[in-house]
file input_33.cif (mmCIF, C-alpha atoms (C1' of nucleotides))
data_final
loop_
_atom_site.group_PDB
_atom_site.id
_atom_site.type_symbol
_atom_site.label_atom_id
_atom_site.label_comp_id
_atom_site.auth_asym_id
_atom_site.auth_seq_id
_atom_site.Cartn_x
_atom_site.Cartn_y
_atom_site.Cartn_z
ATOM 1 C CA MET R 1 -3.079 2.588 20.746
ATOM 2 C CA ARG R 2 -2.114 3.590 17.245
ATOM 3 C CA TYR R 3 -4.260 4.819 14.403
ATOM 4 C CA TRP R 4 -3.995 3.587 10.819
ATOM 5 C CA LEU R 5 -5.085 4.119 7.271
ATOM 6 C CA MET R 6 -5.473 1.046 5.062
ATOM 7 C CA LYS R 7 -5.949 1.234 1.309
ATOM 8 C CA SER R 8 -8.094 -1.101 -0.691
ATOM 9 C CA GLU R 9 -9.238 -1.008 -4.279
ATOM 10 C CA PRO R 10 -13.028 -1.041 -4.057
ATOM 11 C CA ASP R 11 -13.203 -3.227 -7.170
ATOM 12 C CA GLU R 12 -11.271 -5.807 -5.170
ATOM 13 C CA PHE R 13 -12.636 -5.213 -1.700
ATOM 14 C CA SER R 14 -14.720 -2.233 -0.612
ATOM 15 C CA ILE R 15 -16.105 -0.949 2.672
ATOM 16 C CA ASP R 16 -19.417 -2.478 1.551
ATOM 17 C CA ASP R 17 -17.721 -5.847 1.164
ATOM 18 C CA LEU R 18 -16.359 -5.507 4.689
ATOM 19 C CA GLU R 19 -19.810 -4.665 6.013
ATOM 20 C CA ARG R 20 -21.226 -7.748 4.298
ATOM 21 C CA ALA R 21 -18.402 -10.071 5.357
ATOM 22 C CA PRO R 22 -19.288 -12.906 7.731
ATOM 23 C CA GLY R 23 -18.796 -11.540 11.207
ATOM 24 C CA GLN R 24 -17.858 -8.294 9.457
ATOM 25 C CA SER R 25 -14.222 -9.344 9.934
ATOM 26 C CA VAL R 26 -11.660 -10.218 7.282
ATOM 27 C CA ALA R 27 -7.989 -11.061 6.829
ATOM 28 C CA TRP R 28 -6.069 -8.212 5.223
ATOM 29 C CA PHE R 29 -4.144 -10.570 2.958
ATOM 30 C CA GLY R 30 -2.072 -9.777 -0.096
ATOM 31 C CA VAL R 31 0.208 -7.064 1.269
ATOM 32 C CA ARG R 32 3.579 -7.603 -0.437
ATOM 33 C CA ASN R 33 5.488 -4.575 0.723
ATOM 34 C CA TYR R 34 7.901 -4.956 3.614
ATOM 35 C CA GLN R 35 7.160 -1.646 5.270
ATOM 36 C CA ALA R 36 3.424 -2.277 5.254
ATOM 37 C CA ARG R 37 4.017 -5.828 6.435
ATOM 38 C CA ASN R 38 6.120 -4.586 9.310
ATOM 39 C CA PHE R 39 3.373 -2.223 10.436
ATOM 40 C CA MET R 40 0.966 -5.145 10.601
ATOM 41 C CA ARG R 41 3.372 -7.625 12.133
ATOM 42 C CA ASP R 42 5.137 -5.374 14.619
ATOM 43 C CA GLN R 43 2.845 -2.512 15.521
ATOM 44 C CA MET R 44 -0.836 -3.138 14.920
ATOM 45 C CA GLN R 45 -2.771 -4.086 18.041
ATOM 46 C CA VAL R 46 -6.282 -5.414 18.476
ATOM 47 C CA ASP R 47 -8.762 -2.525 18.622
ATOM 48 C CA ASP R 48 -6.493 -0.057 16.833
ATOM 49 C CA PRO R 49 -8.779 2.228 14.796
ATOM 50 C CA VAL R 50 -8.458 2.204 11.007
ATOM 51 C CA PHE R 51 -9.537 4.496 8.212
ATOM 52 C CA PHE R 52 -10.741 2.358 5.303
ATOM 53 C CA TYR R 53 -9.478 4.091 2.163
ATOM 54 C CA HIS R 54 -10.623 3.438 -1.399
ATOM 55 C CA SER R 55 -7.786 3.703 -3.929
ATOM 56 C CA SER R 56 -7.398 3.305 -7.694
ATOM 57 C CA CYS R 57 -10.991 4.285 -8.303
ATOM 58 C CA PRO R 58 -12.949 7.296 -9.598
ATOM 59 C CA GLN R 59 -13.246 8.843 -6.130
ATOM 60 C CA PRO R 60 -10.229 7.960 -4.016
ATOM 61 C CA GLY R 61 -10.684 8.751 -0.340
ATOM 62 C CA ILE R 62 -11.735 7.587 3.108
ATOM 63 C CA ALA R 63 -14.931 5.549 2.884
ATOM 64 C CA GLY R 64 -15.364 4.219 6.399
ATOM 65 C CA LEU R 65 -13.978 3.115 9.716
ATOM 66 C CA ALA R 66 -12.705 -0.267 10.774
ATOM 67 C CA ARG R 67 -10.638 -1.599 13.604
ATOM 68 C CA VAL R 68 -8.023 -4.277 14.047
ATOM 69 C CA SER R 69 -9.695 -7.464 15.248
ATOM 70 C CA ARG R 70 -6.815 -9.945 15.244
ATOM 71 C CA LEU R 71 -3.041 -9.715 15.605
ATOM 72 C CA ALA R 72 -0.863 -10.496 12.609
ATOM 73 C CA TYR R 73 -0.345 -14.121 11.573
ATOM 74 C CA PRO R 74 1.108 -15.668 8.396
ATOM 75 C CA ASP R 75 -0.760 -14.663 5.237
ATOM 76 C CA GLN R 76 -2.113 -17.969 3.934
ATOM 77 C CA THR R 77 -2.123 -16.829 0.307
ATOM 78 C CA GLN R 78 1.697 -16.903 0.201
ATOM 79 C CA PHE R 79 1.526 -20.705 0.411
ATOM 80 C CA ASP R 80 -1.158 -21.147 -2.262
ATOM 81 C CA PRO R 81 0.262 -21.775 -5.770
ATOM 82 C CA THR R 82 -3.075 -20.844 -7.310
ATOM 83 C CA SER R 83 -3.122 -17.441 -5.635
ATOM 84 C CA LYS R 84 -1.793 -14.343 -7.326
ATOM 85 C CA TYR R 85 -0.154 -13.622 -3.968
ATOM 86 C CA PHE R 86 1.761 -16.928 -3.967
ATOM 87 C CA ASP R 87 5.390 -16.543 -2.888
ATOM 88 C CA PRO R 88 7.560 -19.540 -3.774
ATOM 89 C CA ALA R 89 10.217 -18.375 -1.326
ATOM 90 C CA ALA R 90 7.880 -18.587 1.655
ATOM 91 C CA THR R 91 7.614 -21.704 3.807
ATOM 92 C CA ALA R 92 5.466 -22.556 6.795
ATOM 93 C CA GLU R 93 8.633 -22.548 8.908
ATOM 94 C CA ARG R 94 9.746 -19.234 7.475
ATOM 95 C CA PRO R 95 6.696 -17.272 6.373
ATOM 96 C CA ARG R 96 7.536 -13.991 4.700
ATOM 97 C CA TRP R 97 4.150 -12.236 4.701
ATOM 98 C CA PHE R 98 1.713 -11.529 7.492
ATOM 99 C CA ASN R 99 -1.736 -10.082 7.824
ATOM 100 C CA VAL R 100 -3.924 -8.747 10.588
ATOM 101 C CA GLU R 101 -7.693 -8.996 10.505
ATOM 102 C CA VAL R 102 -9.970 -6.003 10.565
ATOM 103 C CA THR R 103 -13.599 -5.624 11.448
ATOM 104 C CA PHE R 104 -16.267 -3.246 10.212
ATOM 105 C CA VAL R 105 -17.118 -0.213 12.331
ATOM 106 C CA GLN R 106 -19.117 2.080 10.086
ATOM 107 C CA LYS R 107 -19.317 3.664 6.691
ATOM 108 C CA THR R 108 -18.700 7.391 6.387
ATOM 109 C CA ARG R 109 -19.315 9.884 3.655
ATOM 110 C CA LEU R 110 -16.613 9.676 1.015
ATOM 111 C CA LEU R 111 -13.900 11.999 2.267
ATOM 112 C CA ALA R 112 -12.022 12.638 -0.942
ATOM 113 C CA LEU R 113 -8.260 12.677 -1.205
ATOM 114 C CA ALA R 114 -8.537 16.140 -2.741
ATOM 115 C CA GLU R 115 -10.353 17.360 0.359
ATOM 116 C CA LEU R 116 -7.647 15.974 2.608
ATOM 117 C CA ARG R 117 -4.967 17.629 0.513
ATOM 118 C CA ALA R 118 -6.780 20.942 0.783
ATOM 119 C CA ASP R 119 -6.921 20.900 4.591
ATOM 120 C CA PRO R 120 -3.819 22.332 6.270
ATOM 121 C CA ALA R 121 -4.817 20.661 9.543
ATOM 122 C CA VAL R 122 -3.896 17.267 8.141
ATOM 123 C CA ALA R 123 -0.737 18.288 6.344
ATOM 124 C CA GLY R 124 1.827 15.720 7.324
ATOM 125 C CA LEU R 125 -0.421 12.718 6.908
ATOM 126 C CA THR R 126 1.804 9.996 5.510
ATOM 127 C CA LEU R 127 -0.862 9.331 2.898
ATOM 128 C CA LEU R 128 -0.279 12.812 1.506
ATOM 129 C CA ALA R 129 3.496 12.635 1.367
ATOM 130 C CA ARG R 130 4.989 13.119 -2.066
ATOM 131 C CA GLY R 131 5.219 9.823 -3.867
ATOM 132 C CA SER R 132 3.653 7.895 -1.010
ATOM 133 C CA ARG R 133 2.365 4.541 -2.187
ATOM 134 C CA LEU R 134 2.259 2.596 1.029
ATOM 135 C CA SER R 135 -0.980 0.669 1.402
ATOM 136 C CA ILE R 136 -0.854 0.885 5.195
ATOM 137 C CA THR R 137 0.180 4.096 6.915
ATOM 138 C CA PRO R 138 0.078 5.337 10.497
ATOM 139 C CA VAL R 139 -2.137 8.287 11.392
ATOM 140 C CA ASP R 140 -1.292 10.720 14.202
ATOM 141 C CA ALA R 141 -3.842 10.903 17.015
ATOM 142 C CA GLY R 142 -4.354 14.574 16.260
ATOM 143 C CA HIS R 143 -4.987 13.919 12.588
ATOM 144 C CA TRP R 144 -7.340 11.078 13.463
ATOM 145 C CA ASP R 145 -9.326 13.306 15.757
ATOM 146 C CA HIS R 146 -9.483 16.162 13.268
ATOM 147 C CA ILE R 147 -10.661 13.923 10.446
ATOM 148 C CA CYS R 148 -13.315 12.223 12.586
ATOM 149 C CA THR R 149 -14.706 15.243 14.339
ATOM 150 C CA ARG R 150 -14.153 18.114 11.909
ATOM 151 C CA LEU R 151 -14.252 16.474 8.511
ATOM 152 C CA LEU R 152 -16.578 13.536 9.092
ATOM 153 C CA GLY R 153 -18.725 15.012 11.857
ATOM 154 C CA LEU R 154 -18.369 11.974 14.102
ATOM 155 C CA SER R 155 -17.985 12.000 17.821
ATOM 156 C CA ALA R 156 -14.414 11.347 18.863
ATOM 157 C CA ALA R 157 -15.586 8.344 20.847
ATOM 158 C CA ARG R 158 -17.287 6.809 17.825
ATOM 159 C CA GLY R 159 -14.280 7.558 15.696
ATOM 160 C CA ALA R 160 -12.024 5.773 18.128
ATOM 161 C CA ALA R 161 -14.423 2.814 18.211
ATOM 162 C CA ARG R 162 -14.404 2.471 21.957
ATOM 163 C "C1'" DG E 163 -3.391 5.580 -20.756
ATOM 164 C "C1'" DC E 164 0.282 8.446 -18.817
ATOM 165 C "C1'" DC E 165 3.861 8.867 -15.870
ATOM 166 C "C1'" DA E 166 6.190 10.120 -11.417
ATOM 167 C "C1'" DA E 167 7.840 7.894 -7.635
ATOM 168 C "C1'" DC E 168 9.363 4.168 -5.388
ATOM 169 C "C1'" DG E 169 10.620 -0.866 -4.597
ATOM 170 C "C1'" DT E 170 12.824 -5.119 -6.185
ATOM 171 C "C1'" DT E 171 15.905 -7.885 -8.844
ATOM 172 C "C1'" DG E 172 20.101 -9.568 -10.424
ATOM 173 C "C1'" DG E 173 24.542 -9.064 -12.975
ATOM 174 C "C1'" DC E 174 28.891 -7.619 -11.911
ATOM 175 C "C1'" DG O 175 27.422 -3.527 -2.388
ATOM 176 C "C1'" DC O 176 26.394 -0.808 -6.587
ATOM 177 C "C1'" DC O 177 23.114 0.437 -9.751
ATOM 178 C "C1'" DA O 178 20.592 -0.216 -14.191
ATOM 179 C "C1'" DA O 179 16.595 -2.324 -15.602
ATOM 180 C "C1'" DC O 180 12.296 -3.533 -14.662
ATOM 181 C "C1'" DG O 181 7.824 -3.799 -12.137
ATOM 182 C "C1'" DT O 182 4.197 -1.658 -9.332
ATOM 183 C "C1'" DT O 183 1.341 1.873 -7.382
ATOM 184 C "C1'" DG O 184 -2.093 5.035 -7.878
ATOM 185 C "C1'" DG O 185 -3.579 9.797 -8.886
ATOM 186 C "C1'" DC O 186 -4.812 12.267 -12.711
#
call {"tool": "encode", "arguments": {"input": "input_33.cif", "output": "C-alpha cells"}}
result
Amino acid sequence: MRYWLMKSEPDEFSIDDLERAPGQSVAWFGVRNYQARNFMRDQMQVDDPVFFYHSSCPQPGIAGLARVSRLAYPDQTQFDPTSKYFDPAATAERPRWFNVEVTFVQKTRLLALAELRADPAVAGLTLLARGSRLSITPVDAGHWDHICTRLLGLSAARGAAR
DNA sequence: GCCAACGTTGGC
DNA sequence: GCCAACGTTGGC
C-alpha cells in the first residue's frame, strides 16, 4: 500500500464536492502531466489512502482524506473535442492519459501548507520540495502517520481508511 | 498580478 | 538531440 497527496483547486472540485458526489466517488480526470499520470497508471492501487489537498486558493492545504476506489483507466476527456482536456493526439487504441477514481473518506480541519512547512517531522514531503508542482505526489508511511495522528488528531486506523 | 520553477514544443 | 521560446503551476 502506498500513500498519496492529490491536489485540486477547490473552485474546480473541492472536498465538499467529493462528499456530495454520487456514491462519493469520482474520476480524477484532467491530469496532463506525465509523472502524475504514471503514478496513477502504474502505482496507485485500490484502497490506497489519499490526502485531498486544496491548491490555488486563499488557504492552500490538506482539507480531507480520500482513498483510491478504482484502478487507472483511460481519461475520457482526452477524446472529447468540447473538453478543455481534449488531446487530439490521443486515440482509443492509444490513449495517452489515464485516471483513477477516488472516494470520500472524511473532511479534516484545514491543515495549511504553511503549517506543514513549519514542521520538521514532515520535511522531505515531495509536496514541500523546492519548485514542486506535481498534482499527485507520494507520501511516506511515516509522514502519513505523523500528519494523521499528530497534526490532524486522527487515529492511525482512521487515517489509513481500513 | 508577480514570478520562480518546471515542462513542453519545435526549429535546426 | 540541443536548447530557446513559450506555457503552466501555484504560492505569495
call {"tool": "interface_residues", "arguments": {"input": "input_33.cif", "of": "chain O", "to": "chain R", "cutoff": "10 Å", "atoms": "all atoms listed in the file", "output": "number ranges by chain"}}
result
O: 182-185
call {"tool": "closest_residue", "arguments": {"input": "input_33.cif", "among": "R:Pro95, R:Phe52, R:Ala141, R:Gly61", "to": "Arg117 (chain R)", "atoms": "all atoms listed in the file"}}
result
R:Gly61
call {"tool": "atom_distance", "arguments": {"input": "input_33.cif", "atom1": "CA of Val139 (chain R)", "atom2": "CA of Glu12 (chain R)"}}
result
23.6 Å
call {"tool": "atom_distance", "arguments": {"input": "input_33.cif", "atom1": "CA of Gly153 (chain R)", "atom2": "CA of Arg70 (chain R)"}}
result
27.9 Å
call {"tool": "axis_aligned_box", "arguments": {"input": "input_33.cif", "around": "chain O", "padding_each_side": "4 Å", "output": "JSON"}}
result
{"center_x": 11.3, "center_y": 4.2, "center_z": -9.0, "size_x": 40.2, "size_y": 24.1, "size_z": 21.2}
call {"tool": "atom_distance", "arguments": {"input": "input_33.cif", "atom1": "CA of Trp144 (chain R)", "atom2": "CA of Arg130 (chain R)"}}
result
19.9 Å
call {"tool": "closest_residue", "arguments": {"input": "input_33.cif", "among": "R:Trp4, R:Phe13, R:Tyr34, R:Trp97", "to": "DG169 (chain E)", "atoms": "all atoms listed in the file"}}
result
R:Tyr34
call {"tool": "closest_residue", "arguments": {"input": "input_33.cif", "among": "R:Met6, R:Val122, R:Ala63, R:Leu111", "to": "Pro49 (chain R)", "atoms": "only C-alpha atoms"}}
result
R:Met6
call {"tool": "residues_near_point", "arguments": {"input": "input_33.cif", "point": "(-7.1, 2.6, 7.1)", "cutoff": "9 Å", "atoms": "all atoms listed in the file", "output": "compact mmCIF listing (two decimals) with C-alpha atoms, in the frame of the given file"}}
result
# COMPACT_ATOMS: atom_id res chain seq x y z
CA TYR R 3 -4.26 4.82 14.40
CA TRP R 4 -4.00 3.59 10.82
CA LEU R 5 -5.08 4.12 7.27
CA MET R 6 -5.47 1.05 5.06
CA LYS R 7 -5.95 1.23 1.31
CA SER R 8 -8.09 -1.10 -0.69
CA PRO R 49 -8.78 2.23 14.80
CA VAL R 50 -8.46 2.20 11.01
CA PHE R 51 -9.54 4.50 8.21
CA PHE R 52 -10.74 2.36 5.30
CA TYR R 53 -9.48 4.09 2.16
CA ILE R 62 -11.74 7.59 3.11
CA GLY R 64 -15.36 4.22 6.40
CA LEU R 65 -13.98 3.12 9.72
CA ALA R 66 -12.70 -0.27 10.77
CA ARG R 67 -10.64 -1.60 13.60
CA SER R 135 -0.98 0.67 1.40
CA ILE R 136 -0.85 0.88 5.20
CA THR R 137 0.18 4.10 6.92
CA PRO R 138 0.08 5.34 10.50
CA VAL R 139 -2.14 8.29 11.39
call {"tool": "residues_around", "arguments": {"input": "input_33.cif", "residues": "DC174 (chain E)", "least_positions_apart": "6", "cutoff": "12 Å", "atoms": "only C-alpha atoms (C1' of nucleotides)", "output": "MDAnalysis selection string"}}
result
chainID O and resid 175:178
